[in-house]
>>> print(open('my_file_35.cif').read())   # mmCIF, C-alpha atoms and all ligand atoms
data_input
#
loop_
_atom_site.group_PDB
_atom_site.id
_atom_site.type_symbol
_atom_site.label_atom_id
_atom_site.label_comp_id
_atom_site.auth_asym_id
_atom_site.auth_seq_id
_atom_site.Cartn_x
_atom_site.Cartn_y
_atom_site.Cartn_z
ATOM 1 C CA MET A 1 -41.158 2.771 193.454
ATOM 2 C CA ALA A 2 -37.772 1.159 193.841
ATOM 3 C CA THR A 3 -36.439 -1.221 191.257
ATOM 4 C CA ARG A 4 -36.041 -4.766 192.483
ATOM 5 C CA THR A 5 -33.558 -7.445 191.636
ATOM 6 C CA LEU A 6 -34.787 -10.533 189.910
ATOM 7 C CA ARG A 7 -33.247 -13.127 192.178
ATOM 8 C CA PRO A 8 -31.812 -13.306 195.706
ATOM 9 C CA ALA A 9 -28.307 -11.863 195.977
ATOM 10 C CA SER A 10 -26.773 -15.327 196.352
ATOM 11 C CA ASN A 11 -27.959 -16.163 192.883
ATOM 12 C CA LEU A 12 -27.162 -12.841 191.254
ATOM 13 C CA HIS A 13 -24.244 -14.141 189.317
ATOM 14 C CA SER A 14 -26.397 -16.524 187.333
ATOM 15 C CA ILE A 15 -28.502 -13.667 186.018
ATOM 16 C CA CYS A 16 -25.712 -11.230 185.252
ATOM 17 C CA ARG A 17 -25.797 -9.935 181.735
ATOM 18 C CA THR A 18 -22.587 -9.412 179.832
ATOM 19 C CA LEU A 19 -22.395 -5.838 178.598
ATOM 20 C CA GLY A 20 -19.181 -5.376 176.673
ATOM 21 C CA SER A 21 -16.398 -6.359 179.042
ATOM 22 C CA THR A 22 -18.380 -5.666 182.193
ATOM 23 C CA THR A 23 -21.021 -7.733 183.918
ATOM 24 C CA ARG A 24 -23.759 -6.303 186.020
ATOM 25 C CA PRO A 25 -26.702 -7.737 187.924
ATOM 26 C CA ARG A 26 -29.889 -7.597 185.954
ATOM 27 C CA THR A 27 -32.636 -5.601 187.545
ATOM 28 C CA THR A 28 -36.321 -5.546 186.788
ATOM 29 C CA LEU A 29 -37.353 -2.016 185.956
ATOM 30 C CA LEU A 30 -41.069 -2.546 185.910
ATOM 31 C CA SER A 31 -42.972 -3.472 189.003
ATOM 32 C CA ALA A 32 -44.881 -6.727 189.049
ATOM 33 C CA GLN A 33 -47.689 -5.057 190.995
ATOM 34 C CA ALA A 34 -48.247 -1.524 189.754
ATOM 35 C CA PRO A 35 -50.003 -0.834 186.445
ATOM 36 C CA LEU A 36 -47.446 0.085 183.788
ATOM 37 C CA SER A 37 -48.846 3.607 183.587
ATOM 38 C CA GLN A 38 -47.946 4.146 187.245
ATOM 39 C CA VAL A 39 -44.516 2.570 187.271
ATOM 40 C CA SER A 40 -41.976 4.860 188.869
ATOM 41 C CA LEU A 41 -38.442 4.549 187.646
ATOM 42 C CA PRO A 42 -35.367 6.049 189.283
ATOM 43 C CA LEU A 43 -35.714 9.827 189.364
ATOM 44 C CA ARG A 44 -33.540 12.033 187.221
ATOM 45 C CA PRO A 45 -35.355 14.670 185.207
ATOM 46 C CA PHE A 46 -34.228 15.231 181.620
ATOM 47 C CA SER A 47 -33.587 18.919 182.157
ATOM 48 C CA THR A 48 -33.782 21.616 184.795
ATOM 49 C CA SER A 49 -34.844 24.275 182.284
ATOM 50 C CA PRO A 50 -38.354 25.747 182.630
ATOM 51 C CA THR A 51 -41.143 23.584 181.297
ATOM 52 C CA PRO A 52 -42.255 24.821 177.877
ATOM 53 C CA GLN A 53 -45.899 25.929 177.607
ATOM 54 C CA PHE A 54 -46.788 23.170 175.153
ATOM 55 C CA GLN A 55 -45.658 20.315 177.402
ATOM 56 C CA SER A 56 -48.690 18.309 178.466
ATOM 57 C CA SER A 57 -49.207 17.265 182.067
ATOM 58 C CA LYS A 58 -48.730 13.671 180.914
ATOM 59 C CA SER A 59 -45.321 14.359 179.420
ATOM 60 C CA ILE A 60 -44.296 16.301 182.545
ATOM 61 C CA ARG A 61 -45.206 13.273 184.643
ATOM 62 C CA ASN A 62 -43.341 10.960 182.282
ATOM 63 C CA SER A 63 -40.152 13.014 182.352
ATOM 64 C CA ALA A 64 -40.324 13.068 186.150
ATOM 65 C CA THR A 65 -40.869 9.344 186.589
ATOM 66 C CA MET A 66 -38.801 7.786 183.841
ATOM 67 C CA SER A 67 -35.199 8.822 183.563
ATOM 68 C CA ILE A 68 -33.118 8.471 180.463
ATOM 69 C CA ASP A 69 -30.795 6.255 182.509
ATOM 70 C CA ALA A 70 -33.640 3.837 183.158
ATOM 71 C CA LEU A 71 -34.499 3.775 179.471
ATOM 72 C CA ILE A 72 -30.890 3.022 178.524
ATOM 73 C CA GLN A 73 -30.670 0.382 181.225
ATOM 74 C CA ALA A 74 -33.796 -1.296 179.898
ATOM 75 C CA ALA A 75 -32.235 -1.282 176.416
ATOM 76 C CA GLN A 76 -29.010 -2.781 177.819
ATOM 77 C CA ASN A 77 -30.915 -5.439 179.736
ATOM 78 C CA ARG A 78 -32.698 -6.598 176.600
ATOM 79 C CA ARG A 79 -30.699 -9.520 175.328
ATOM 80 C CA THR A 80 -31.355 -12.792 173.566
ATOM 81 C CA ILE A 81 -31.893 -15.485 176.192
ATOM 82 C CA TYR A 82 -32.396 -18.986 174.856
ATOM 83 C CA LYS A 83 -32.553 -21.091 178.013
ATOM 84 C CA LEU A 84 -35.936 -20.251 179.468
ATOM 85 C CA GLY A 85 -38.124 -21.852 182.084
ATOM 86 C CA LYS A 86 -41.731 -21.887 183.158
ATOM 87 C CA ASN A 87 -41.573 -19.559 186.164
ATOM 88 C CA SER A 88 -43.298 -16.258 185.576
ATOM 89 C CA PRO A 89 -42.282 -13.253 187.706
ATOM 90 C CA VAL A 90 -45.712 -11.632 187.166
ATOM 91 C CA PRO A 91 -49.400 -12.501 186.965
ATOM 92 C CA ASP A 92 -50.626 -13.130 183.417
ATOM 93 C CA ALA A 93 -52.674 -9.928 183.617
ATOM 94 C CA LYS A 94 -49.385 -8.030 183.585
ATOM 95 C CA ILE A 95 -48.416 -9.651 180.301
ATOM 96 C CA GLU A 96 -51.807 -8.722 178.892
ATOM 97 C CA GLU A 97 -51.332 -5.138 180.069
ATOM 98 C CA LEU A 98 -47.934 -5.003 178.402
ATOM 99 C CA VAL A 99 -49.239 -6.353 175.110
ATOM 100 C CA ASN A 100 -52.137 -3.892 175.170
ATOM 101 C CA ALA A 101 -49.678 -1.073 175.902
ATOM 102 C CA ALA A 102 -47.683 -2.107 172.828
ATOM 103 C CA ILE A 103 -50.720 -2.227 170.588
ATOM 104 C CA LEU A 104 -51.971 1.169 171.804
ATOM 105 C CA ASN A 105 -48.701 3.091 171.858
ATOM 106 C CA VAL A 106 -46.392 1.764 169.160
ATOM 107 C CA PRO A 107 -46.650 3.928 166.023
ATOM 108 C CA SER A 108 -47.475 2.769 162.502
ATOM 109 C CA SER A 109 -47.099 4.512 159.144
ATOM 110 C CA PHE A 110 -50.168 6.659 158.407
ATOM 111 C CA ASN A 111 -51.492 5.261 161.692
ATOM 112 C CA THR A 112 -52.528 2.108 159.827
ATOM 113 C CA GLN A 113 -52.455 -0.003 163.021
ATOM 114 C CA SER A 114 -51.977 -3.168 160.982
ATOM 115 C CA THR A 115 -50.041 -5.179 163.594
ATOM 116 C CA ARG A 116 -51.834 -8.043 165.311
ATOM 117 C CA LEU A 117 -50.508 -9.791 168.427
ATOM 118 C CA VAL A 118 -51.405 -13.270 169.618
ATOM 119 C CA VAL A 119 -50.248 -14.343 173.063
ATOM 120 C CA LEU A 120 -49.881 -18.034 173.868
ATOM 121 C CA LEU A 121 -49.263 -19.003 177.481
ATOM 122 C CA LYS A 122 -48.448 -22.277 179.196
ATOM 123 C CA GLU A 123 -50.175 -25.219 177.450
ATOM 124 C CA GLU A 124 -51.117 -23.046 174.477
ATOM 125 C CA HIS A 125 -47.475 -22.014 174.122
ATOM 126 C CA GLU A 126 -46.386 -25.659 174.307
ATOM 127 C CA ARG A 127 -48.903 -26.521 171.601
ATOM 128 C CA LEU A 128 -47.245 -23.987 169.283
ATOM 129 C CA TRP A 129 -43.865 -25.679 169.566
ATOM 130 C CA ASP A 130 -45.464 -29.123 169.165
ATOM 131 C CA ILE A 131 -47.013 -27.802 165.954
ATOM 132 C CA ALA A 132 -43.593 -26.595 164.801
ATOM 133 C CA ALA A 133 -42.087 -30.018 165.583
ATOM 134 C CA SER A 134 -44.787 -31.908 163.686
ATOM 135 C CA THR A 135 -44.415 -29.488 160.751
ATOM 136 C CA PHE A 136 -40.723 -30.385 160.606
ATOM 137 C CA GLU A 137 -41.537 -34.095 160.964
ATOM 138 C CA GLY A 138 -43.634 -33.699 157.828
ATOM 139 C CA LEU A 139 -40.675 -32.113 156.058
ATOM 140 C CA VAL A 140 -38.442 -34.979 157.148
ATOM 141 C CA ALA A 141 -41.027 -37.509 155.906
ATOM 142 C CA SER A 142 -41.178 -35.775 152.519
ATOM 143 C CA GLY A 143 -37.384 -35.754 152.266
ATOM 144 C CA ALA A 144 -37.151 -31.944 152.339
ATOM 145 C CA ILE A 145 -35.036 -32.046 155.515
ATOM 146 C CA PRO A 146 -32.566 -34.786 156.509
ATOM 147 C CA ALA A 147 -33.719 -36.752 159.547
ATOM 148 C CA GLU A 148 -30.331 -36.244 161.218
ATOM 149 C CA THR A 149 -30.540 -32.450 160.881
ATOM 150 C CA PHE A 150 -33.986 -32.476 162.438
ATOM 151 C CA LYS A 151 -32.991 -34.790 165.272
ATOM 152 C CA ASN A 152 -29.682 -33.111 166.137
ATOM 153 C CA GLN A 153 -30.360 -29.465 165.367
ATOM 154 C CA THR A 154 -34.001 -28.519 164.931
ATOM 155 C CA LEU A 155 -35.740 -30.665 167.531
ATOM 156 C CA PRO A 156 -33.467 -29.694 170.464
ATOM 157 C CA LYS A 157 -34.152 -26.029 169.647
ATOM 158 C CA LEU A 158 -37.905 -26.551 169.428
ATOM 159 C CA GLU A 159 -37.832 -28.404 172.757
ATOM 160 C CA MET A 160 -35.864 -25.533 174.264
ATOM 161 C CA PHE A 161 -38.543 -23.072 173.136
ATOM 162 C CA LYS A 162 -41.288 -25.356 174.441
ATOM 163 C CA ALA A 163 -39.660 -25.289 177.885
ATOM 164 C CA ALA A 164 -40.440 -21.536 178.156
ATOM 165 C CA TYR A 165 -43.559 -19.853 179.572
ATOM 166 C CA GLY A 166 -45.093 -18.197 176.552
ATOM 167 C CA THR A 167 -44.783 -17.005 172.969
ATOM 168 C CA ILE A 168 -46.047 -13.841 171.361
ATOM 169 C CA LEU A 169 -46.918 -14.165 167.680
ATOM 170 C CA PHE A 170 -46.475 -10.974 165.677
ATOM 171 C CA TYR A 171 -48.734 -10.662 162.648
ATOM 172 C CA GLU A 172 -49.528 -8.098 159.999
ATOM 173 C CA ASP A 173 -53.074 -7.745 158.689
ATOM 174 C CA PRO A 174 -52.707 -6.706 155.018
ATOM 175 C CA ALA A 175 -56.324 -5.524 154.860
ATOM 176 C CA HIS A 176 -55.247 -2.453 156.809
ATOM 177 C CA ILE A 177 -52.633 -1.323 154.341
ATOM 178 C CA GLN A 178 -54.445 -2.124 151.087
ATOM 179 C CA GLY A 179 -56.593 1.012 151.245
ATOM 180 C CA PHE A 180 -53.510 3.153 151.795
ATOM 181 C CA GLN A 181 -51.692 1.500 148.887
ATOM 182 C CA GLU A 182 -54.589 2.451 146.628
ATOM 183 C CA LYS A 183 -54.967 5.957 148.024
ATOM 184 C CA PHE A 184 -51.238 6.771 147.922
ATOM 185 C CA ALA A 185 -50.263 4.882 144.786
ATOM 186 C CA SER A 186 -46.822 6.485 144.538
ATOM 187 C CA PHE A 187 -45.954 5.001 147.957
ATOM 188 C CA LYS A 188 -47.590 1.665 147.146
ATOM 189 C CA ASP A 189 -44.452 -0.438 147.536
ATOM 190 C CA HIS A 190 -43.473 1.228 150.789
ATOM 191 C CA PHE A 191 -46.477 0.208 152.850
ATOM 192 C CA GLU A 192 -45.440 -3.397 153.391
ATOM 193 C CA PRO A 193 -41.899 -2.540 154.559
ATOM 194 C CA TRP A 194 -43.353 0.220 156.709
ATOM 195 C CA ALA A 195 -45.760 -2.300 158.227
ATOM 196 C CA ASP A 196 -42.764 -4.521 158.985
ATOM 197 C CA HIS A 197 -40.988 -1.572 160.614
ATOM 198 C CA SER A 198 -43.959 -0.973 162.849
ATOM 199 C CA ASN A 199 -44.234 -4.686 163.589
ATOM 200 C CA ALA A 200 -40.553 -4.683 164.595
ATOM 201 C CA MET A 201 -41.205 -1.742 166.923
ATOM 202 C CA HIS A 202 -43.866 -3.833 168.659
ATOM 203 C CA GLN A 203 -41.310 -6.639 168.917
ATOM 204 C CA TYR A 204 -38.658 -4.369 170.385
ATOM 205 C CA PHE A 205 -41.059 -2.749 172.851
ATOM 206 C CA LEU A 206 -42.254 -6.125 174.111
ATOM 207 C CA TRP A 207 -38.803 -7.730 174.162
ATOM 208 C CA THR A 208 -37.449 -4.855 176.250
ATOM 209 C CA ALA A 209 -40.498 -4.660 178.488
ATOM 210 C CA LEU A 210 -40.716 -8.422 179.116
ATOM 211 C CA GLU A 211 -37.073 -8.476 180.143
ATOM 212 C CA SER A 212 -37.637 -5.416 182.337
ATOM 213 C CA LEU A 213 -40.333 -7.411 184.121
ATOM 214 C CA GLY A 214 -37.854 -10.203 184.824
ATOM 215 C CA PHE A 215 -38.501 -12.535 181.880
ATOM 216 C CA GLY A 216 -35.888 -13.628 179.374
ATOM 217 C CA ALA A 217 -36.862 -13.714 175.698
ATOM 218 C CA ASN A 218 -35.682 -14.579 172.209
ATOM 219 C CA LEU A 219 -36.971 -13.884 168.736
ATOM 220 C CA GLN A 220 -37.727 -16.642 166.230
ATOM 221 C CA HIS A 221 -38.875 -16.908 162.612
ATOM 222 C CA TYR A 222 -40.533 -20.227 161.870
ATOM 223 C CA ASN A 223 -42.876 -18.470 159.460
ATOM 224 C CA PRO A 224 -44.009 -19.236 156.851
ATOM 225 C CA LEU A 225 -43.547 -22.956 157.629
ATOM 226 C CA ILE A 226 -45.943 -22.934 160.568
ATOM 227 C CA ASN A 227 -48.410 -20.301 159.279
ATOM 228 C CA GLU A 228 -51.153 -22.643 158.164
ATOM 229 C CA PRO A 229 -51.361 -25.049 161.117
ATOM 230 C CA VAL A 230 -51.052 -22.137 163.565
ATOM 231 C CA ALA A 231 -53.894 -20.193 161.930
ATOM 232 C CA LYS A 232 -55.981 -23.380 162.020
ATOM 233 C CA GLN A 233 -55.188 -24.201 165.660
ATOM 234 C CA TRP A 234 -56.176 -20.767 167.006
ATOM 235 C CA ASN A 235 -58.759 -19.928 164.363
ATOM 236 C CA LEU A 236 -56.840 -16.874 163.159
ATOM 237 C CA PRO A 237 -57.588 -15.138 159.844
ATOM 238 C CA THR A 238 -55.541 -16.942 157.182
ATOM 239 C CA GLU A 239 -54.751 -13.629 155.482
ATOM 240 C CA TRP A 240 -52.792 -12.428 158.531
ATOM 241 C CA ARG A 241 -49.083 -12.615 157.754
ATOM 242 C CA LEU A 242 -46.942 -14.118 160.528
ATOM 243 C CA VAL A 243 -43.805 -11.999 160.969
ATOM 244 C CA ALA A 244 -42.065 -13.296 164.100
ATOM 245 C CA GLN A 245 -42.410 -15.360 167.266
ATOM 246 C CA MET A 246 -41.094 -14.091 170.601
ATOM 247 C CA VAL A 247 -40.452 -16.838 173.152
ATOM 248 C CA PHE A 248 -40.298 -15.754 176.791
ATOM 249 C CA GLY A 249 -39.917 -17.350 180.202
ATOM 250 C CA SER A 250 -37.827 -17.328 183.327
ATOM 251 C CA PRO A 251 -34.183 -16.725 182.396
ATOM 252 C CA GLU A 252 -32.272 -19.901 183.238
ATOM 253 C CA ALA A 253 -28.884 -18.874 181.805
ATOM 254 C CA PRO A 254 -27.279 -15.519 181.009
ATOM 255 C CA ALA A 255 -27.039 -14.070 177.519
ATOM 256 C CA GLY A 256 -23.963 -14.923 175.487
ATOM 257 C CA GLU A 257 -21.058 -12.610 174.788
ATOM 258 C CA LYS A 258 -21.941 -9.889 172.308
ATOM 259 C CA ALA A 259 -19.311 -8.314 170.081
ATOM 260 C CA GLN A 260 -19.858 -4.645 169.301
ATOM 261 C CA LYS A 261 -18.578 -2.980 166.153
ATOM 262 C CA PRO A 262 -17.047 0.432 166.885
ATOM 263 C CA ILE A 263 -19.621 3.143 167.564
ATOM 264 C CA GLU A 264 -17.678 5.560 165.326
ATOM 265 C CA GLU A 265 -18.398 3.313 162.338
ATOM 266 C CA ARG A 266 -22.071 3.278 163.104
ATOM 267 C CA VAL A 267 -22.950 6.748 164.348
ATOM 268 C CA LYS A 268 -22.245 10.130 162.805
ATOM 269 C CA ILE A 269 -23.199 13.343 164.579
ATOM 270 C CA PHE A 270 -23.031 16.716 162.893
ATOM 271 C CA GLY A 271 -23.383 20.055 164.652
ATOM 272 C CA LYS A 272 -22.527 18.716 168.126
ATOM 273 C CA GLN A 273 -21.139 21.363 170.524
HETATM 274 C C1 LIG B 301 -34.775 -8.631 163.132
HETATM 275 C C2 LIG B 301 -34.154 -9.704 163.988
HETATM 276 C C3 LIG B 301 -34.305 -11.028 163.628
HETATM 277 C C4 LIG B 301 -33.789 -12.037 164.440
HETATM 278 N N1 LIG B 301 -34.038 -13.347 164.133
HETATM 279 C C5 LIG B 301 -33.610 -14.324 164.960
HETATM 280 C C6 LIG B 301 -33.949 -15.680 164.708
HETATM 281 O O1 LIG B 301 -34.644 -16.002 163.753
HETATM 282 N N2 LIG B 301 -33.481 -16.617 165.557
HETATM 283 C C7 LIG B 301 -32.718 -16.298 166.646
HETATM 284 O O2 LIG B 301 -32.329 -17.188 167.398
HETATM 285 N N3 LIG B 301 -32.398 -15.009 166.925
HETATM 286 C C8 LIG B 301 -32.830 -14.016 166.104
HETATM 287 N N4 LIG B 301 -32.532 -12.708 166.381
HETATM 288 C C9 LIG B 301 -31.702 -12.377 167.553
HETATM 289 C C10 LIG B 301 -30.332 -11.854 167.150
HETATM 290 O O3 LIG B 301 -29.498 -12.888 166.726
HETATM 291 C C11 LIG B 301 -29.756 -11.101 168.351
HETATM 292 O O4 LIG B 301 -30.635 -10.067 168.685
HETATM 293 C C12 LIG B 301 -28.378 -10.539 168.090
HETATM 294 O O5 LIG B 301 -27.437 -11.565 167.930
HETATM 295 C C13 LIG B 301 -27.917 -9.610 169.201
HETATM 296 O O6 LIG B 301 -27.962 -10.261 170.454
HETATM 297 P P1 LIG B 301 -28.850 -9.696 171.647
HETATM 298 O O7 LIG B 301 -30.298 -9.866 171.271
HETATM 299 O O8 LIG B 301 -28.466 -10.509 172.840
HETATM 300 O O9 LIG B 301 -28.534 -8.237 171.822
HETATM 301 C C14 LIG B 301 -33.051 -11.689 165.591
HETATM 302 C C15 LIG B 301 -32.909 -10.352 165.934
HETATM 303 C C16 LIG B 301 -33.447 -9.370 165.161
HETATM 304 C C17 LIG B 301 -33.312 -7.938 165.587
#
>>> encode(input="my_file_35.cif", output="structure tokens")
Amino acid sequence: MATRTLRPASNLHSICRTLGSTTRPRTTLLSAQAPLSQVSLPLRPFSTSPTPQFQSSKSIRNSATMSIDALIQAAQNRRTIYKLGKNSPVPDAKIEELVNAAILNVPSSFNTQSTRLVVLLKEEHERLWDIAASTFEGLVASGAIPAETFKNQTLPKLEMFKAAYGTILFYEDPAHIQGFQEKFASFKDHFEPWADHSNAMHQYFLWTALESLGFGANLQHYNPLINEPVAKQWNLPTEWRLVAQMVFGSPEAPAGEKAQKPIEERVKIFGKQ
């Protein structure tokens, strides 16, 4: 299936992403119609060498349908987009499919599967950012935050998030790592950071995938301030630990410039031919 551009050509410039010194039109890599499992990305097999015996039919299909170029392009297309609107390029079922794909396929240490995802769309999403605003109003009333700071800095940001289409809440359920902490006592202190690593993998998968579908997204951390009222509003277990909030919607402005530190400082390869 061919990739499709997000907007008509006349409007391409407004959705160009800045990648280093070059700009390129952003393309959606995932189809709005086909199930994710059947999405065909531009063909370019990884290798022309004979298929090893142990390669499953599923991995053969994957290597044929998803090229490394498409994977890199999806990674390049993932950027922080703050100005988001309420137009969705896909039916909500597609978002659900994506979230389920994350929960089923993202790995976790010892396969603990401790990540929990809560998806808020439309009015439910708006309610979240109203809750954040009233939480801050409480902080202003108690003197913890200056009224001016709230009015000039915090509120405009919260209103910007509210203008988007949805938010994904990323949680960790500690009940699912406690048993492992007891069983593997020498690793006890590692399980929480490992859970956060896995949680971040869910975030990255969904950030990249949402933007491949044509959404823009950004990542926020209003936890722990909003934990209590959010758990109350959606009747979520209070022991779940809120890790991050991913706001997504129609991209209404391109990503900002992004400085890159030199690759040589950040990557070392040994044994390369
Ligand atoms: C772990 C992590 C935490 C982040 N937290 C926030 C945040 O709280 N608020 C925010 O606006 N952006 C946040 N960001 C977005 C980063 O600022 C952004 O990813 C970075 O500047 C690179 O820009 P890019 O996403 O366009 O590539 C976070 C990103 C990561 C990976």
>>> atom_distance(input="my_file_35.cif", atom1="CA of Ile72 in chain A", atom2="CA of Met160 in chain A")
29.3 Å
>>> closest_atom_pairs(input="my_file_35.cif", of="chain A", to="ligand LIG 301 (chain B)", cutoff="12 Å", atoms="all atoms listed in the file", output="Markdown table")
| residue | atom | partner | partner_atom | distance |
| --- | --- | --- | --- | --- |
| A:Arg17 | CA | B:LIG301 | O8 | 9.3 |
| A:Thr18 | CA | B:LIG301 | O8 | 9.2 |
| A:Leu19 | CA | B:LIG301 | O9 | 9.5 |
| A:Gly20 | CA | B:LIG301 | O9 | 10.9 |
| A:Ala74 | CA | B:LIG301 | O9 | 11.9 |
| A:Ala75 | CA | B:LIG301 | O9 | 9.1 |
| A:Gln76 | CA | B:LIG301 | O9 | 8.1 |
| A:Asn77 | CA | B:LIG301 | O9 | 8.7 |
| A:Arg78 | CA | B:LIG301 | O9 | 6.5 |
| A:Arg79 | CA | B:LIG301 | O8 | 3.5 |
| A:Thr80 | CA | B:LIG301 | O8 | 3.8 |
| A:Ile81 | CA | B:LIG301 | O8 | 6.9 |
| A:Tyr82 | CA | B:LIG301 | O2 | 7.7 |
| A:Lys83 | CA | B:LIG301 | O2 | 11.3 |
| A:Thr154 | CA | B:LIG301 | O2 | 11.7 |
| A:Lys157 | CA | B:LIG301 | O2 | 9.3 |
| A:Leu158 | CA | B:LIG301 | O2 | 11.1 |
| A:Met160 | CA | B:LIG301 | O2 | 11.4 |
| A:Phe161 | CA | B:LIG301 | O2 | 10.3 |
| A:Asp196 | CA | B:LIG301 | C1 | 9.9 |
| A:His197 | CA | B:LIG301 | C1 | 9.7 |
| A:Ser198 | CA | B:LIG301 | C1 | 12.0 |
| A:Asn199 | CA | B:LIG301 | C1 | 10.3 |
| A:Ala200 | CA | B:LIG301 | C1 | 7.1 |
| A:Met201 | CA | B:LIG301 | C17 | 10.1 |
| A:His202 | CA | B:LIG301 | C1 | 11.7 |
| A:Gln203 | CA | B:LIG301 | C17 | 8.8 |
| A:Tyr204 | CA | B:LIG301 | C17 | 8.0 |
| A:Phe205 | CA | B:LIG301 | C17 | 11.8 |
| A:Trp207 | CA | B:LIG301 | O7 | 9.2 |
| A:Thr208 | CA | B:LIG301 | O7 | 10.1 |
| A:Glu211 | CA | B:LIG301 | O7 | 11.2 |
| A:Gly216 | CA | B:LIG301 | O8 | 10.4 |
| A:Ala217 | CA | B:LIG301 | O7 | 8.8 |
| A:Asn218 | CA | B:LIG301 | N3 | 6.2 |
| A:Leu219 | CA | B:LIG301 | C8 | 4.9 |
| A:Gln220 | CA | B:LIG301 | O1 | 4.0 |
| A:His221 | CA | B:LIG301 | O1 | 4.5 |
| A:Tyr222 | CA | B:LIG301 | O1 | 7.5 |
| A:Asn223 | CA | B:LIG301 | O1 | 9.6 |
| A:Val243 | CA | B:LIG301 | C1 | 9.9 |
| A:Ala244 | CA | B:LIG301 | O1 | 7.9 |
| A:Gln245 | CA | B:LIG301 | O1 | 8.5 |
| A:Met246 | CA | B:LIG301 | C5 | 9.4 |
| A:Val247 | CA | B:LIG301 | O2 | 10.0 |
| A:Pro254 | CA | B:LIG301 | O8 | 9.7 |
| A:Ala255 | CA | B:LIG301 | O8 | 6.1 |
| A:Gly256 | CA | B:LIG301 | O8 | 6.8 |
| A:Glu257 | CA | B:LIG301 | O8 | 7.9 |
| A:Lys258 | CA | B:LIG301 | O6 | 6.3 |
| A:Ala259 | CA | B:LIG301 | C13 | 8.7 |
| A:Gln260 | CA | B:LIG301 | C13 | 9.5 |
| A:Lys261 | CA | B:LIG301 | C13 | 11.9 |
>>> atom_distance(input="my_file_35.cif", atom1="CA of Glu192 in chain A", atom2="CA of Trp234 in chain A")
24.5 Å
>>> closest_residue(input="my_file_35.cif", among="A:Arg266, A:His190, A:His176, A:Lys162", to="Glu123 in chain A", atoms="all atoms listed in the file")
A:Lys162
>>> closest_atom_pairs(input="my_file_35.cif", of="range 186-227 of chain A", to="range 84-100 of chain A", cutoff="8 Å", atoms="all atoms listed in the file", output="CSV")
residue,atom,partner,partner_atom,distance
A:Leu206,CA,A:Val99,CA,7.1
A:Ala209,CA,A:Leu98,CA,7.4
A:Leu210,CA,A:Ile95,CA,7.9
A:Leu213,CA,A:Pro89,CA,7.1
A:Gly214,CA,A:Pro89,CA,6.1
A:Phe215,CA,A:Pro89,CA,7.0
A:Gly216,CA,A:Leu84,CA,6.6
A:Ala217,CA,A:Leu84,CA,7.6
>>> write_last_selection(input="my_file_35.cif", atoms="C-alpha atoms", output="compact mmCIF listing (two decimals), in the frame of the given file")
# COMPACT_ATOMS: atom_id res chain seq x y z
CA LEU A 206 -42.25 -6.12 174.11
CA ALA A 209 -40.50 -4.66 178.49
CA LEU A 210 -40.72 -8.42 179.12
CA LEU A 213 -40.33 -7.41 184.12
CA GLY A 214 -37.85 -10.20 184.82
CA PHE A 215 -38.50 -12.54 181.88
CA GLY A 216 -35.89 -13.63 179.37
CA ALA A 217 -36.86 -13.71 175.70
>>> atom_distance(input="my_file_35.cif", atom1="CA of Gln178 in chain A", atom2="CA of Pro224 in chain A")
20.9 Å
>>> residues_near_point(input="my_file_35.cif", point="(-53.5, -2.5, 155.8)", cutoff="10 Å", atoms="all atoms listed in the file", output="list in words")
Asn111, Thr112, Gln113, Ser114, Thr115, Glu172, Asp173, Pro174, Ala175, His176, Ile177, Gln178, Gly179, Phe180, Gln181, Phe191, Glu192 and Ala195 of chain A
>>> write_last_selection(input="my_file_35.cif", atoms="C-alpha atoms", output="CSV table (one decimal), in the coordinates of the input")
chain,number,residue,atom,x,y,z
A,111,ASN,CA,-51.5,5.3,161.7
A,112,THR,CA,-52.5,2.1,159.8
A,113,GLN,CA,-52.5,0.0,163.0
A,114,SER,CA,-52.0,-3.2,161.0
A,115,THR,CA,-50.0,-5.2,163.6
A,172,GLU,CA,-49.5,-8.1,160.0
A,173,ASP,CA,-53.1,-7.7,158.7
A,174,PRO,CA,-52.7,-6.7,155.0
A,175,ALA,CA,-56.3,-5.5,154.9
A,176,HIS,CA,-55.2,-2.5,156.8
A,177,ILE,CA,-52.6,-1.3,154.3
A,178,GLN,CA,-54.4,-2.1,151.1
A,179,GLY,CA,-56.6,1.0,151.2
A,180,PHE,CA,-53.5,3.2,151.8
A,181,GLN,CA,-51.7,1.5,148.9
A,191,PHE,CA,-46.5,0.2,152.8
A,192,GLU,CA,-45.4,-3.4,153.4
A,195,ALA,CA,-45.8,-2.3,158.2
>>> closest_residue(input="my_file_35.cif", among="A:Ile269, A:Val230, A:Ile103, A:Ala70", to="Leu117 in chain A", atoms="all atoms listed in the file")
A:Ile103
>>> closest_residue(input="my_file_35.cif", among="A:Val106, A:Leu139, A:Leu120, A:Ala101", to="Gly249 in chain A", atoms="only C-alpha atoms")
A:Leu120
>>> closest_residue(input="my_file_35.cif", among="A:Pro156, A:Pro107, A:Pro193, A:Pro229", to="Leu128 in chain A", atoms="all atoms listed in the file")
A:Pro229
>>> resolve_selection(input="my_file_35.cif", expression="the PyMOL selection byres (((chain A and resi 125) around 9) and not hetatm)", output="short mmCIF file (atom, residue, chain, number, x, y, z; two decimals) with C-alpha atoms, in the frame of the given file")
data_model
loop_
_atom_site.label_atom_id
_atom_site.label_comp_id
_atom_site.auth_asym_id
_atom_site.auth_seq_id
_atom_site.Cartn_x
_atom_site.Cartn_y
_atom_site.Cartn_z
CA VAL A 119 -50.25 -14.34 173.06
CA LEU A 120 -49.88 -18.03 173.87
CA LEU A 121 -49.26 -19.00 177.48
CA LYS A 122 -48.45 -22.28 179.20
CA GLU A 123 -50.18 -25.22 177.45
CA GLU A 124 -51.12 -23.05 174.48
CA GLU A 126 -46.39 -25.66 174.31
CA ARG A 127 -48.90 -26.52 171.60
CA LEU A 128 -47.24 -23.99 169.28
CA TRP A 129 -43.86 -25.68 169.57
CA ASP A 130 -45.46 -29.12 169.16
CA LYS A 162 -41.29 -25.36 174.44
CA ALA A 164 -40.44 -21.54 178.16
CA TYR A 165 -43.56 -19.85 179.57
CA GLY A 166 -45.09 -18.20 176.55
CA THR A 167 -44.78 -17.00 172.97
CA ILE A 168 -46.05 -13.84 171.36
CA VAL A 247 -40.45 -16.84 173.15
#
